[in-house]
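The file run_12.txt contains compact mmCIF, C-alpha atoms:
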# COMPACT_ATOMS: atom_id res chain seq x y z
CA MET A 3 109.59 117.55 78.19
CA THR A 4 110.59 116.92 81.78
CA THR A 5 114.03 115.94 83.01
CA ILE A 6 114.12 112.81 85.12
CA GLU A 7 116.77 110.78 86.87
CA MET A 8 116.41 107.25 88.09
CA THR A 9 118.32 104.09 88.81
CA VAL A 10 117.09 101.03 86.97
CA ASP A 11 118.59 97.65 87.83
CA GLY A 12 121.61 99.40 89.30
CA VAL A 13 122.26 101.70 86.33
CA ARG A 14 121.79 105.45 86.69
CA TYR A 15 119.83 107.19 83.90
CA GLN A 16 119.10 110.83 83.17
CA ASP A 17 116.59 111.53 80.45
CA GLU A 18 114.12 113.95 78.94
CA VAL A 19 110.63 112.47 78.77
CA GLU A 20 107.12 113.54 77.91
CA PRO A 21 105.02 113.68 81.10
CA ARG A 22 102.53 111.23 79.57
CA LEU A 23 105.15 108.51 79.04
CA LEU A 24 104.18 105.48 81.12
CA LEU A 25 106.96 103.88 83.15
CA VAL A 26 106.53 100.54 81.38
CA HIS A 27 107.04 102.24 77.99
CA TYR A 28 110.13 104.02 79.29
CA LEU A 29 111.60 100.74 80.55
CA ARG A 30 110.82 98.81 77.38
CA ASP A 31 111.11 101.32 74.56
CA ARG A 32 113.74 103.76 75.83
CA LEU A 33 115.92 101.54 77.99
CA GLY A 34 115.35 98.38 75.96
CA LEU A 35 114.39 96.39 79.07
CA GLY A 36 111.88 94.10 77.39
CA GLY A 37 111.79 91.67 80.32
CA THR A 38 108.89 93.63 81.77
CA PRO A 39 105.88 92.85 79.55
CA ILE A 40 102.70 94.82 79.02
CA GLY A 41 99.73 92.58 79.69
CA CYS A 42 96.28 94.05 80.08
CA ASP A 43 97.27 97.74 80.12
CA THR A 44 94.42 98.34 82.58
CA SER A 45 96.24 97.64 85.89
CA ASN A 46 94.44 94.35 86.38
CA CYS A 47 96.90 91.66 85.34
CA GLY A 48 100.14 92.66 87.07
CA ALA A 49 102.42 91.38 84.27
CA CYS A 50 104.26 94.73 84.29
CA THR A 51 104.98 94.69 88.05
CA VAL A 52 108.36 96.17 89.04
CA GLN A 53 109.84 97.40 92.31
CA VAL A 54 109.79 101.15 92.90
CA ASP A 55 111.84 102.18 95.93
CA GLY A 56 111.61 98.69 97.36
CA VAL A 57 107.90 97.98 96.91
CA SER A 58 105.87 96.51 94.06
CA ALA A 59 104.08 98.76 91.58
CA LYS A 60 102.34 98.24 88.26
CA SER A 61 104.51 100.07 85.76
CA CYS A 62 101.62 100.51 83.30
CA THR A 63 99.84 102.60 85.93
CA MET A 64 102.64 104.97 86.73
CA LEU A 65 104.04 107.90 84.82
CA THR A 66 107.79 107.96 84.26
CA VAL A 67 107.87 111.43 85.82
CA GLN A 68 106.33 110.01 89.01
CA ALA A 69 109.35 107.72 89.29
CA ASP A 70 111.80 110.63 89.07
CA GLY A 71 114.52 110.11 91.68
CA SER A 72 113.45 106.53 92.35
CA GLU A 73 115.25 103.25 92.35
CA ILE A 74 113.57 100.75 90.05
CA ILE A 75 114.25 97.04 89.94
CA THR A 76 112.83 94.99 87.10
CA ILE A 77 112.85 91.23 86.58
CA GLN A 78 116.15 91.77 84.74
CA GLY A 79 117.80 93.18 87.85
CA LEU A 80 116.98 90.35 90.25
CA ALA A 81 119.78 87.91 89.39
CA LYS A 82 123.14 88.65 91.02
CA ASP A 83 126.53 87.54 89.69
CA GLY A 84 124.94 85.18 87.22
CA ARG A 85 122.87 83.45 89.90
CA LEU A 86 119.09 83.54 89.74
CA HIS A 87 117.20 85.12 92.63
CA ALA A 88 115.70 82.48 94.96
CA VAL A 89 112.21 83.20 93.62
CA GLN A 90 113.36 82.92 89.99
CA GLN A 91 115.09 79.61 90.77
CA ALA A 92 111.99 78.32 92.56
CA PHE A 93 109.73 79.21 89.61
CA HIS A 94 112.15 77.28 87.39
CA ASP A 95 112.41 74.28 89.69
CA GLU A 96 108.69 74.02 90.42
CA HIS A 97 107.64 74.62 86.81
CA ALA A 98 105.62 77.64 87.92
CA LEU A 99 104.97 78.86 84.40
CA GLN A 100 103.27 77.68 81.28
CA CYS A 101 103.30 80.35 78.56
CA GLY A 102 105.50 82.53 80.79
CA TYR A 103 103.86 85.88 80.02
CA CYS A 104 102.78 86.59 83.59
CA THR A 105 106.02 85.25 85.07
CA PRO A 106 108.07 88.47 85.40
CA GLY A 107 105.22 90.22 87.24
CA MET A 108 104.38 87.12 89.25
CA ILE A 109 108.01 86.85 90.41
CA MET A 110 108.22 90.57 91.26
CA ALA A 111 104.98 90.32 93.26
CA ALA A 112 106.24 87.17 95.00
CA VAL A 113 109.50 88.90 95.95
CA ASP A 114 107.43 91.74 97.44
CA LEU A 115 105.22 89.27 99.31
CA LEU A 116 108.21 87.44 100.84
CA ARG A 117 109.81 90.73 101.87
CA GLU A 118 106.76 91.50 104.02
CA ASN A 119 105.96 87.95 105.02
CA PRO A 120 108.92 85.52 104.82
CA ASP A 121 106.82 82.46 105.74
CA PRO A 122 103.40 82.86 104.13
CA SER A 123 100.58 80.31 104.25
CA ASP A 124 98.87 79.15 101.05
CA GLN A 125 96.09 81.68 101.61
CA GLU A 126 98.56 84.50 102.28
CA ILE A 127 100.37 83.67 99.04
CA ARG A 128 97.10 83.75 97.12
CA ASP A 129 96.12 87.06 98.74
CA GLY A 130 99.59 88.50 98.13
CA LEU A 131 99.45 87.60 94.44
CA GLU A 132 95.85 88.68 93.92
CA GLY A 133 96.89 91.49 91.60
CA ASN A 134 98.63 89.08 89.21
CA LEU A 135 96.73 86.96 86.74
CA CYS A 136 97.97 83.78 85.07
CA ARG A 137 95.69 83.11 82.11
CA CYS A 138 97.11 79.60 81.76
CA THR A 139 95.69 79.23 85.31
CA GLY A 140 98.93 77.70 86.55
CA TYR A 141 98.37 78.90 90.08
CA GLN A 142 99.05 75.63 91.92
CA ASN A 143 102.67 75.52 90.86
CA ILE A 144 103.08 79.25 91.43
CA VAL A 145 101.96 78.85 95.05
CA ARG A 146 104.29 75.85 95.38
CA ALA A 147 107.20 77.89 93.99
CA VAL A 148 106.63 80.72 96.45
CA HIS A 149 106.65 78.24 99.35
CA SER A 150 109.83 76.71 97.97
CA ALA A 151 111.49 80.12 97.64
CA ALA A 152 110.47 80.99 101.21
CA THR A 153 112.14 77.79 102.44
CA THR A 154 115.30 78.50 100.41
CA GLU A 155 115.52 82.07 101.65
CA ALA A 156 115.00 80.96 105.26
CA ARG A 157 118.01 78.61 104.92
CA SER A 158 120.32 81.18 103.37
CA MET B 280 96.79 103.10 75.35
CA ILE B 281 98.88 106.23 75.62
CA PRO B 282 97.32 109.20 77.44
CA ALA B 283 96.69 112.46 75.58
CA SER B 284 99.42 115.09 76.14
CA PHE B 285 99.35 117.19 79.26
CA GLU B 286 101.58 119.57 81.15
CA TYR B 287 102.98 118.30 84.44
CA ARG B 288 103.87 120.12 87.64
CA ARG B 289 105.07 118.70 90.90
CA PRO B 290 104.67 121.13 93.80
CA SER B 291 106.19 120.45 97.20
CA THR B 292 103.72 122.39 99.36
CA VAL B 293 99.92 122.76 99.49
CA ASP B 294 100.20 126.47 98.59
CA GLU B 295 102.27 125.66 95.51
CA ALA B 296 99.73 123.02 94.54
CA VAL B 297 96.85 125.49 94.78
CA GLN B 298 98.80 128.05 92.74
CA ALA B 299 99.59 125.44 90.11
CA LEU B 300 95.90 124.54 89.81
CA VAL B 301 94.83 128.05 88.79
CA GLY B 302 93.34 128.27 85.31
CA GLY B 303 93.07 125.70 82.58
CA ASP B 304 91.64 122.24 82.77
CA ALA B 305 93.77 120.83 85.57
CA LYS B 306 93.52 117.56 87.48
CA VAL B 307 95.20 116.64 90.74
CA LEU B 308 97.37 113.52 90.54
CA ALA B 309 98.16 111.64 93.75
CA GLY B 310 99.01 107.94 93.36
CA GLY B 311 97.33 107.81 89.97
CA GLN B 312 95.74 104.39 90.47
CA SER B 313 92.30 105.68 89.48
CA LEU B 314 93.34 108.61 87.31
CA LEU B 315 95.92 106.90 85.10
CA PRO B 316 93.50 104.24 83.82
CA LEU B 317 91.09 107.07 82.93
CA LEU B 318 93.86 108.96 81.11
CA ARG B 319 94.95 105.86 79.24
CA LEU B 320 91.41 105.16 78.09
CA ARG B 321 91.16 108.87 77.24
CA LEU B 322 88.02 109.14 79.33
CA ALA B 323 89.81 112.14 80.86
CA PHE B 324 92.20 114.43 79.01
CA PRO B 325 93.19 117.36 81.23
CA ASP B 326 95.65 120.03 80.01
CA LEU B 327 97.58 119.91 83.25
CA LEU B 328 98.36 117.37 85.95
CA VAL B 329 99.40 118.72 89.33
CA ASP B 330 101.21 115.88 91.10
CA VAL B 331 100.75 116.25 94.88
CA GLY B 332 102.40 112.90 95.55
CA ARG B 333 105.44 114.58 97.08
CA VAL B 334 103.72 117.19 99.22
CA GLU B 335 105.10 115.88 102.51
CA SER B 336 102.61 117.81 104.69
CA MET B 337 99.83 115.78 103.00
CA ARG B 338 101.33 112.43 103.96
CA GLY B 339 100.98 110.38 107.12
CA VAL B 340 98.65 109.97 110.08
CA ARG B 341 98.69 112.13 113.18
CA ASP B 342 96.95 112.07 116.53
CA ASP B 343 94.76 115.11 117.14
CA GLY B 344 93.10 114.37 120.46
CA GLU B 345 89.64 112.99 119.76
CA HIS B 346 90.47 112.52 116.08
CA LEU B 347 93.06 111.13 113.72
CA VAL B 348 94.14 113.33 110.83
CA ILE B 349 95.06 111.36 107.74
CA GLY B 350 97.03 113.14 105.04
CA ALA B 351 95.39 112.85 101.63
CA VAL B 352 98.43 111.27 99.95
CA THR B 353 98.90 108.61 102.61
CA THR B 354 98.95 105.39 100.60
CA HIS B 355 96.48 102.57 101.17
CA HIS B 356 99.44 100.49 102.31
CA GLY B 357 100.30 103.26 104.76
CA VAL B 358 96.74 103.21 106.14
CA VAL B 359 96.69 99.41 106.46
CA THR B 360 99.98 99.36 108.39
CA ASP B 361 99.58 102.50 110.50
CA PRO B 362 99.66 101.85 114.29
CA LEU B 363 97.37 104.82 115.15
CA ILE B 364 94.72 103.61 112.70
CA ALA B 365 95.05 100.05 114.02
CA GLN B 366 94.46 101.33 117.52
CA HIS B 367 91.75 103.95 117.01
CA CYS B 368 90.04 103.24 113.71
CA PRO B 369 90.56 99.60 112.70
CA LEU B 370 87.55 99.78 110.35
CA LEU B 371 89.63 101.94 108.03
CA ALA B 372 92.50 99.47 107.94
CA GLN B 373 90.17 96.51 107.44
CA ALA B 374 88.25 98.13 104.58
CA THR B 375 91.43 99.46 102.94
CA SER B 376 93.00 96.01 102.98
CA THR B 377 90.21 94.92 100.60
CA VAL B 378 90.95 97.69 98.08
CA ALA B 379 92.49 96.38 94.82
CA ASP B 380 95.76 94.45 95.35
CA PRO B 381 99.12 94.96 97.10
CA ALA B 382 100.87 96.75 94.19
CA VAL B 383 97.96 99.17 93.74
CA ARG B 384 97.81 99.75 97.51
CA HIS B 385 101.49 100.76 97.48
CA ARG B 386 100.73 103.68 95.17
CA GLY B 387 97.03 104.46 95.54
CA THR B 388 96.18 107.04 98.18
CA PHE B 389 93.43 107.50 100.78
CA GLY B 390 92.60 111.03 99.62
CA GLY B 391 92.82 110.04 95.98
CA ALA B 392 90.26 107.27 96.38
CA LEU B 393 87.91 109.60 98.28
CA SER B 394 88.31 112.41 95.74
CA HIS B 395 87.70 109.98 92.89
CA ALA B 396 84.41 109.14 94.69
CA ASP B 397 83.52 106.00 92.82
CA PRO B 398 80.35 104.75 94.58
CA ALA B 399 81.68 101.19 94.08
CA GLY B 400 84.88 102.13 95.93
CA ASP B 401 85.11 100.92 99.51
CA LEU B 402 86.47 103.97 101.29
CA PRO B 403 83.70 106.54 100.61
CA ALA B 404 81.11 104.48 102.52
CA VAL B 405 83.57 103.99 105.36
CA ALA B 406 84.30 107.74 105.55
CA LEU B 407 80.57 108.44 105.54
CA ALA B 408 79.88 105.94 108.33
CA LEU B 409 82.71 107.48 110.36
CA ASP B 410 81.32 111.02 109.92
CA ALA B 411 84.74 112.02 108.59
CA GLU B 412 85.59 115.66 107.91
CA PHE B 413 87.42 116.74 104.76
CA GLU B 414 89.91 119.61 104.74
CA ILE B 415 90.05 121.23 101.30
CA ALA B 416 92.54 123.92 100.21
CA GLY B 417 91.78 126.40 97.47
CA PRO B 418 92.61 129.91 96.25
CA THR B 419 90.55 131.52 99.04
CA GLY B 420 92.03 129.42 101.85
CA ARG B 421 90.98 126.25 103.57
CA ARG B 422 87.55 124.92 104.42
CA THR B 423 86.19 121.84 106.12
CA VAL B 424 83.37 119.79 104.63
CA ALA B 425 81.42 117.06 106.45
CA ALA B 426 81.25 113.63 104.85
CA SER B 427 77.48 114.07 104.44
CA GLU B 428 78.19 117.06 102.13
CA PHE B 429 81.38 115.78 100.49
CA PHE B 430 80.01 113.15 98.09
CA VAL B 431 77.88 115.04 95.59
CA ASP B 432 77.19 112.57 92.78
CA TYR B 433 78.78 109.82 90.72
CA LEU B 434 82.56 110.63 90.68
CA GLN B 435 81.78 114.12 92.00
CA THR B 436 82.73 115.64 95.32
CA ALA B 437 82.66 119.02 97.04
CA VAL B 438 86.27 119.58 95.89
CA GLY B 439 85.86 122.31 93.28
CA ALA B 440 88.03 123.34 90.35
CA GLY B 441 91.25 124.85 91.69
CA GLU B 442 90.94 123.00 95.00
CA VAL B 443 92.71 120.01 96.49
CA LEU B 444 91.80 117.66 99.33
CA VAL B 445 94.52 118.04 101.97
CA SER B 446 93.52 115.73 104.81
CA VAL B 447 90.67 113.78 106.35
CA ARG B 448 89.74 113.81 110.04
CA VAL B 449 88.17 110.69 111.44
CA PRO B 450 86.95 110.30 115.02
CA LYS B 451 88.73 107.83 117.25
CA LEU B 452 86.30 105.07 118.11
CA GLY B 453 86.10 105.03 121.87
CA ALA B 454 85.68 102.12 124.25
CA GLY B 455 82.58 100.06 123.54
CA TRP B 456 82.55 100.76 119.81
CA ALA B 457 83.37 98.04 117.32
CA SER B 458 83.28 97.86 113.55
CA HIS B 459 83.29 95.65 110.48
CA TYR B 460 83.40 96.09 106.70
CA GLU B 461 81.51 93.41 104.76
CA LYS B 462 82.30 93.35 101.05
CA PHE B 463 80.69 91.16 98.43
CA HIS B 464 82.52 90.66 95.16
CA ARG B 465 82.90 87.81 92.72
CA VAL B 466 86.64 87.57 92.10
CA ALA B 467 89.85 88.80 93.69
CA GLN B 468 90.55 92.53 93.31
CA ALA B 469 87.07 93.18 91.84
CA TRP B 470 84.95 96.16 92.86
CA ALA B 471 82.32 95.60 95.52
CA ILE B 472 78.95 94.57 94.11
CA VAL B 473 77.71 95.85 97.47
CA GLY B 474 79.69 96.71 100.60
CA VAL B 475 78.59 97.62 104.13
CA ALA B 476 80.57 99.49 106.78
CA ALA B 477 79.08 98.99 110.24
CA ILE B 478 80.09 100.73 113.46
CA VAL B 479 78.21 99.68 116.55
CA ARG B 480 78.20 100.28 120.28
CA ARG B 481 77.01 97.30 122.20
CA ASP B 482 75.17 97.44 125.50
CA GLY B 483 74.98 93.95 126.97
CA ASP B 484 72.91 91.79 124.65
CA SER B 485 71.63 94.63 122.53
CA ILE B 486 72.89 97.36 120.23
CA ALA B 487 72.93 100.81 121.79
CA GLU B 488 73.93 102.81 118.69
CA ALA B 489 74.95 102.07 115.12
CA ARG B 490 76.21 103.82 112.03
CA ILE B 491 76.00 102.09 108.68
CA GLY B 492 77.62 103.18 105.39
CA LEU B 493 76.69 101.52 102.09
CA THR B 494 78.96 100.99 99.06
CA ASN B 495 77.50 100.86 95.53
CA MET B 496 73.84 101.36 96.49
CA GLY B 497 73.44 104.67 94.65
CA SER B 498 75.41 107.35 92.83
CA THR B 499 77.11 108.27 96.13
CA PRO B 500 77.88 106.30 99.27
CA LEU B 501 74.79 106.23 101.49
CA ARG B 502 73.91 105.90 105.16
CA ALA B 503 71.32 103.24 106.02
CA SER B 504 69.42 105.68 108.23
CA ALA B 505 66.29 103.56 108.77
CA THR B 506 68.44 100.64 109.90
CA GLU B 507 70.51 102.88 112.16
CA SER B 508 67.37 104.13 113.96
CA ALA B 509 65.88 100.66 114.23
CA LEU B 510 69.12 99.22 115.61
CA ALA B 511 69.12 101.56 118.63
CA GLY B 512 68.09 99.25 121.45
CA ALA B 513 67.69 96.20 119.19
CA ALA B 514 68.33 92.86 120.89
CA LEU B 515 71.15 90.85 119.33
CA HIS B 516 69.52 87.45 119.60
CA ASP B 517 65.73 87.58 119.24
CA GLY B 518 65.45 88.84 115.69
CA GLY B 519 65.79 92.52 116.59
CA VAL B 520 68.90 92.98 114.47
CA THR B 521 67.36 91.22 111.47
CA ALA B 522 64.22 93.36 111.66
CA ALA B 523 66.47 96.45 111.60
CA THR B 524 68.84 95.30 108.88
CA ASP B 525 65.89 94.29 106.68
CA ARG B 526 65.38 98.02 106.26
CA ALA B 527 68.89 98.60 104.82
CA SER B 528 67.64 99.09 101.28
CA GLU B 529 65.28 101.94 102.24
CA GLY B 530 66.22 105.15 100.48
CA THR B 531 68.77 103.48 98.18
CA ASP B 532 68.91 103.64 94.39
CA PRO B 533 71.35 100.92 93.34
CA PRO B 534 72.61 100.51 89.78
CA SER B 535 71.86 97.57 87.49
CA ASP B 536 75.01 96.40 85.74
CA LEU B 537 77.03 93.26 85.01
CA GLY B 538 77.69 92.86 88.74
CA GLY B 539 73.99 92.49 89.47
CA ALA B 540 70.52 93.93 88.96
CA ALA B 541 69.16 96.63 91.25
CA ASP B 542 66.69 94.30 93.00
CA TYR B 543 69.49 91.81 93.62
CA ARG B 544 71.53 94.55 95.27
CA ARG B 545 68.50 95.60 97.37
CA HIS B 546 68.31 92.03 98.64
CA LEU B 547 72.06 91.71 99.08
CA VAL B 548 72.38 94.88 101.13
CA LYS B 549 70.05 93.50 103.80
CA VAL B 550 72.02 90.26 104.08
CA LEU B 551 75.38 92.05 104.18
CA THR B 552 74.20 94.65 106.68
CA ARG B 553 73.06 91.90 109.05
CA ARG B 554 76.40 90.14 108.66
CA ALA B 555 78.34 93.38 109.16
CA VAL B 556 76.39 94.40 112.28
CA LEU B 557 76.66 90.96 113.87
CA ALA B 558 80.37 90.71 113.03
CA ALA B 559 80.99 94.17 114.49
CA ALA B 560 79.01 93.29 117.61
CA GLY B 561 81.13 90.15 117.95
CA SER B 562 78.05 87.96 117.82
Take the structure in the file and write it out as structure tokens.
Amino acid sequence: MTTIEMTVDGVRYQDEVEPRLLLVHYLRDRLGLGGTPIGCDTSNCGACTVQVDGVSAKSCTMLTVQADGSEIITIQGLAKDGRLHAVQQAFHDEHALQCGYCTPGMIMAAVDLLRENPDPSDQEIRDGLEGNLCRCTGYQNIVRAVHSAATTEARS
Amino acid sequence: MIPASFEYRRPSTVDEAVQALVGGDAKVLAGGQSLLPLLRLRLAFPDLLVDVGRVESMRGVRDDGEHLVIGAVTTHHGVVTDPLIAQHCPLLAQATSTVADPAVRHRGTFGGALSHADPAGDLPAVALALDAEFEIAGPTGRRTVAASEFFVDYLQTAVGAGEVLVSVRVPKLGAGWASHYEKFHRVAQAWAIVGVAAIVRRDGDSIAEARIGLTNMGSTPLRASATESALAGAALHDGGVTAATDRASEGTDPPSDLGGAADYRRHLVKVLTRRAVLAAAGS
């Protein structure tokens, strides 16, 4: 067992974990943060995307021990004071989900994209989200939602 | 799936890493973007993982006169956004920007991808075309291996048991040199069916010199030597380049798999080499 410390959605945790424990399993099974789903489990689909120290990472392809000392933000840590994050609100408003399984990862990847590029073109949005798959193929509305979030964030 | 159990150590210096690697069935972990999928599928089940991800001396890009030295645990994102690489070796940034997707590029490392040595990976062919040099640390000290000796076979490199890749030296491309990486794949974030890294020096309306690295045309990255020789002095506009790039499949041994049959790849490599050379030459 290895001792780790990390902040997840603003809460500090100290824990003993097996080195083989994947970050996504730690978040879901130990911390009970089921908002981050496991999709393909092969690092293709991006459903499990979280922020690690400010940048996106696929939590199924990271050991919990690698995140020791890090600050993690999951989909459950995006809303502030009961208000949805601009990207969450835009996904809601633009109906950017069908079954919703890819949505947490899609939103985390979109947040990362807008951090680097606050005013992306359609093509830049598609490139930025290339690691996230929507098997309902609802990409049109996802791209629309990211544009909408970019506009909202630019105003605020 | 859940990986098989292993011990885990996280050294903070290269010396500690080498000491940690002694004995047992150990694997070096950097970003883990190639290794963790293998562990999860239980295609690999080492006793020990030595995590070099926090060895600070192995991170970052520095200017070393005629060369750039790139620390092995510099992330792909770090390579894509590095100002020295943008200035002196844009080929590396361009090729790296095609690797996987943004989240994987945040964690995956330059040295990790090269040590993994997947012949379908983009960076081995680029390193080979650049005549990169690999600094490897082990129990008897450090040694430098040329790119032509580094890639030994499918997923195998000159990095031996108990050793770790520390950094990679790439030459700065001087005035007159230009480059392009041409990758052919079917869907976003897929592996290259074939990829071509071209570095050329133009002399008026012809090519003076060229170096060509090939992705996924054999069990290791390959140089298109026949094409390189034929390109020296080839005119850009009267079919000289095409005659040279039509030789790009010579000496290759491409795989047949779901991405394409070997003869398809032999055809594709000629087309992509022509595109890469012309794009690099700005023509």
How close does each residue of chain A get to chain B, giving the shortest atom pair and distance in Å to one decimal for every residue with an atom at most 8 Å away, counting only C-alpha atoms, sorted by chain and residue number, as CSV?
residue,atom,partner,partner_atom,distance
A:Pro21,CA,B:Tyr287,CA,6.1
A:Arg22,CA,B:Pro282,CA,6.0
A:Leu23,CA,B:Ile281,CA,7.5
A:Leu24,CA,B:Ile281,CA,7.7
A:Asp43,CA,B:Met280,CA,7.2
A:Thr44,CA,B:Pro316,CA,6.1
A:Ser45,CA,B:Pro316,CA,7.4
A:Thr51,CA,B:Ala382,CA,7.7
A:Val57,CA,B:His385,CA,7.0
A:Ser58,CA,B:Ala382,CA,5.0
A:Ala59,CA,B:Ala382,CA,4.6
A:Lys60,CA,B:Ala382,CA,6.3
A:Thr63,CA,B:Leu315,CA,5.9
A:Met64,CA,B:Gly311,CA,6.8
A:Ala111,CA,B:Ala382,CA,7.7
A:Gly130,CA,B:Pro381,CA,6.6
A:Leu131,CA,B:Pro381,CA,7.8
A:Glu132,CA,B:Asp380,CA,5.9
A:Gly133,CA,B:Asp380,CA,4.9
(request) Would you list the contacts of Glu118 (chain A) as a list in words, taking every protein, DNA or RNA residue within 12 Å and counting all atoms listed in the file, but skipping same-chain residues closer than 3 positions in sequence? (result) Gly56, Val57, Ser58, Ala111, Ala112, Val113, Asp114, Leu115, Asp121, Pro122, Glu126, Ile127, Gly130 and Ala152 of chain A; His356, Thr360 and Pro381 of chain B
For the residues in the current selection, export C-alpha atoms as a PDB file, keeping the file's coordinate frame.
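Result file follows (again.pdb):
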ATOM      1  CA  GLY A  56     111.610  98.690  97.360  1.00  0.00           C
ATOM      2  CA  VAL A  57     107.900  97.980  96.910  1.00  0.00           C
ATOM      3  CA  SER A  58     105.870  96.510  94.060  1.00  0.00           C
ATOM      4  CA  ALA A 111     104.980  90.320  93.260  1.00  0.00           C
ATOM      5  CA  ALA A 112     106.240  87.170  95.000  1.00  0.00           C
ATOM      6  CA  VAL A 113     109.500  88.900  95.950  1.00  0.00           C
ATOM      7  CA  ASP A 114     107.430  91.740  97.440  1.00  0.00           C
ATOM      8  CA  LEU A 115     105.220  89.270  99.310  1.00  0.00           C
ATOM      9  CA  ASP A 121     106.820  82.460 105.740  1.00  0.00           C
ATOM     10  CA  PRO A 122     103.400  82.860 104.130  1.00  0.00           C
ATOM     11  CA  GLU A 126      98.560  84.500 102.280  1.00  0.00           C
ATOM     12  CA  ILE A 127     100.370  83.670  99.040  1.00  0.00           C
ATOM     13  CA  GLY A 130      99.590  88.500  98.130  1.00  0.00           C
ATOM     14  CA  ALA A 152     110.470  80.990 101.210  1.00  0.00           C
TER      15      ALA A 152
ATOM     16  CA  HIS B 356      99.440 100.490 102.310  1.00  0.00           C
ATOM     17  CA  THR B 360      99.980  99.360 108.390  1.00  0.00           C
ATOM     18  CA  PRO B 381      99.120  94.960  97.100  1.00  0.00           C
TER      19      PRO B 381
END
Select from region 48-157 of chain A every residue with an atom at most 10 Å from any atom of region 10-19 of chain A, then for each give the shortest pair of atoms and their distance in Å to one decimal, using only C-alpha atoms, rows by chain and rising number, as JSON lines.
{"residue": "A:Gln53", "atom": "CA", "partner": "A:Val10", "partner_atom": "CA", "distance": 9.7}
{"residue": "A:Val54", "atom": "CA", "partner": "A:Val10", "partner_atom": "CA", "distance": 9.4}
{"residue": "A:Thr66", "atom": "CA", "partner": "A:Val19", "partner_atom": "CA", "distance": 7.7}
{"residue": "A:Val67", "atom": "CA", "partner": "A:Val19", "partner_atom": "CA", "distance": 7.6}
{"residue": "A:Asp70", "atom": "CA", "partner": "A:Gln16", "partner_atom": "CA", "distance": 9.4}
{"residue": "A:Gly71", "atom": "CA", "partner": "A:Gln16", "partner_atom": "CA", "distance": 9.7}
{"residue": "A:Ser72", "atom": "CA", "partner": "A:Val10", "partner_atom": "CA", "distance": 8.5}
{"residue": "A:Glu73", "atom": "CA", "partner": "A:Val10", "partner_atom": "CA", "distance": 6.1}
{"residue": "A:Ile74", "atom": "CA", "partner": "A:Val10", "partner_atom": "CA", "distance": 4.7}
{"residue": "A:Ile75", "atom": "CA", "partner": "A:Asp11", "partner_atom": "CA", "distance": 4.9}
{"residue": "A:Thr76", "atom": "CA", "partner": "A:Asp11", "partner_atom": "CA", "distance": 6.4}
{"residue": "A:Ile77", "atom": "CA", "partner": "A:Asp11", "partner_atom": "CA", "distance": 8.7}
{"residue": "A:Gln78", "atom": "CA", "partner": "A:Asp11", "partner_atom": "CA", "distance": 7.1}
{"residue": "A:Gly79", "atom": "CA", "partner": "A:Asp11", "partner_atom": "CA", "distance": 4.5}
{"residue": "A:Leu80", "atom": "CA", "partner": "A:Asp11", "partner_atom": "CA", "distance": 7.9}
{"residue": "A:Ala81", "atom": "CA", "partner": "A:Asp11", "partner_atom": "CA", "distance": 9.9}
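You will find CA of Leu551 (chain B) at 14.2 Å from CA of Ala374 (chain B).
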(message) Need to verify the contact set: region 414-417 of chain B, 7 Å, all atoms listed in the file, exclusion of same-chain residues closer than 5 positions in sequence. Can you return it as a list in words?
(response)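 Selected residues are Val297, Arg422, Thr423, Val424, Val438, Gly441, Glu442, Val443, Leu444, Val445, Ser446 and Val447 of chain B.
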Okay, now the selection with C-alpha atoms, as an mmCIF file, in the coordinates of the input?
data_model
loop_
_atom_site.group_PDB
_atom_site.id
_atom_site.type_symbol
_atom_site.label_atom_id
_atom_site.label_comp_id
_atom_site.auth_asym_id
_atom_site.auth_seq_id
_atom_site.Cartn_x
_atom_site.Cartn_y
_atom_site.Cartn_z
ATOM 1 C CA VAL B 297 96.850 125.490 94.780
ATOM 2 C CA ARG B 422 87.550 124.920 104.420
ATOM 3 C CA THR B 423 86.190 121.840 106.120
ATOM 4 C CA VAL B 424 83.370 119.790 104.630
ATOM 5 C CA VAL B 438 86.270 119.580 95.890
ATOM 6 C CA GLY B 441 91.250 124.850 91.690
ATOM 7 C CA GLU B 442 90.940 123.000 95.000
ATOM 8 C CA VAL B 443 92.710 120.010 96.490
ATOM 9 C CA LEU B 444 91.800 117.660 99.330
ATOM 10 C CA VAL B 445 94.520 118.040 101.970
ATOM 11 C CA SER B 446 93.520 115.730 104.810
ATOM 12 C CA VAL B 447 90.670 113.780 106.350
#
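The two atoms in question, CA of Thr506 (chain B) and CA of His546 (chain B), are spaced 14.2 Å apart.
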(request) Rounded to one decimal place, report the CA of Leu452 (chain B)-CA of Val431 (chain B) distance in Å. (result)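 Between CA of Leu452 (chain B) and CA of Val431 (chain B) the gap works out to 26.0 Å.
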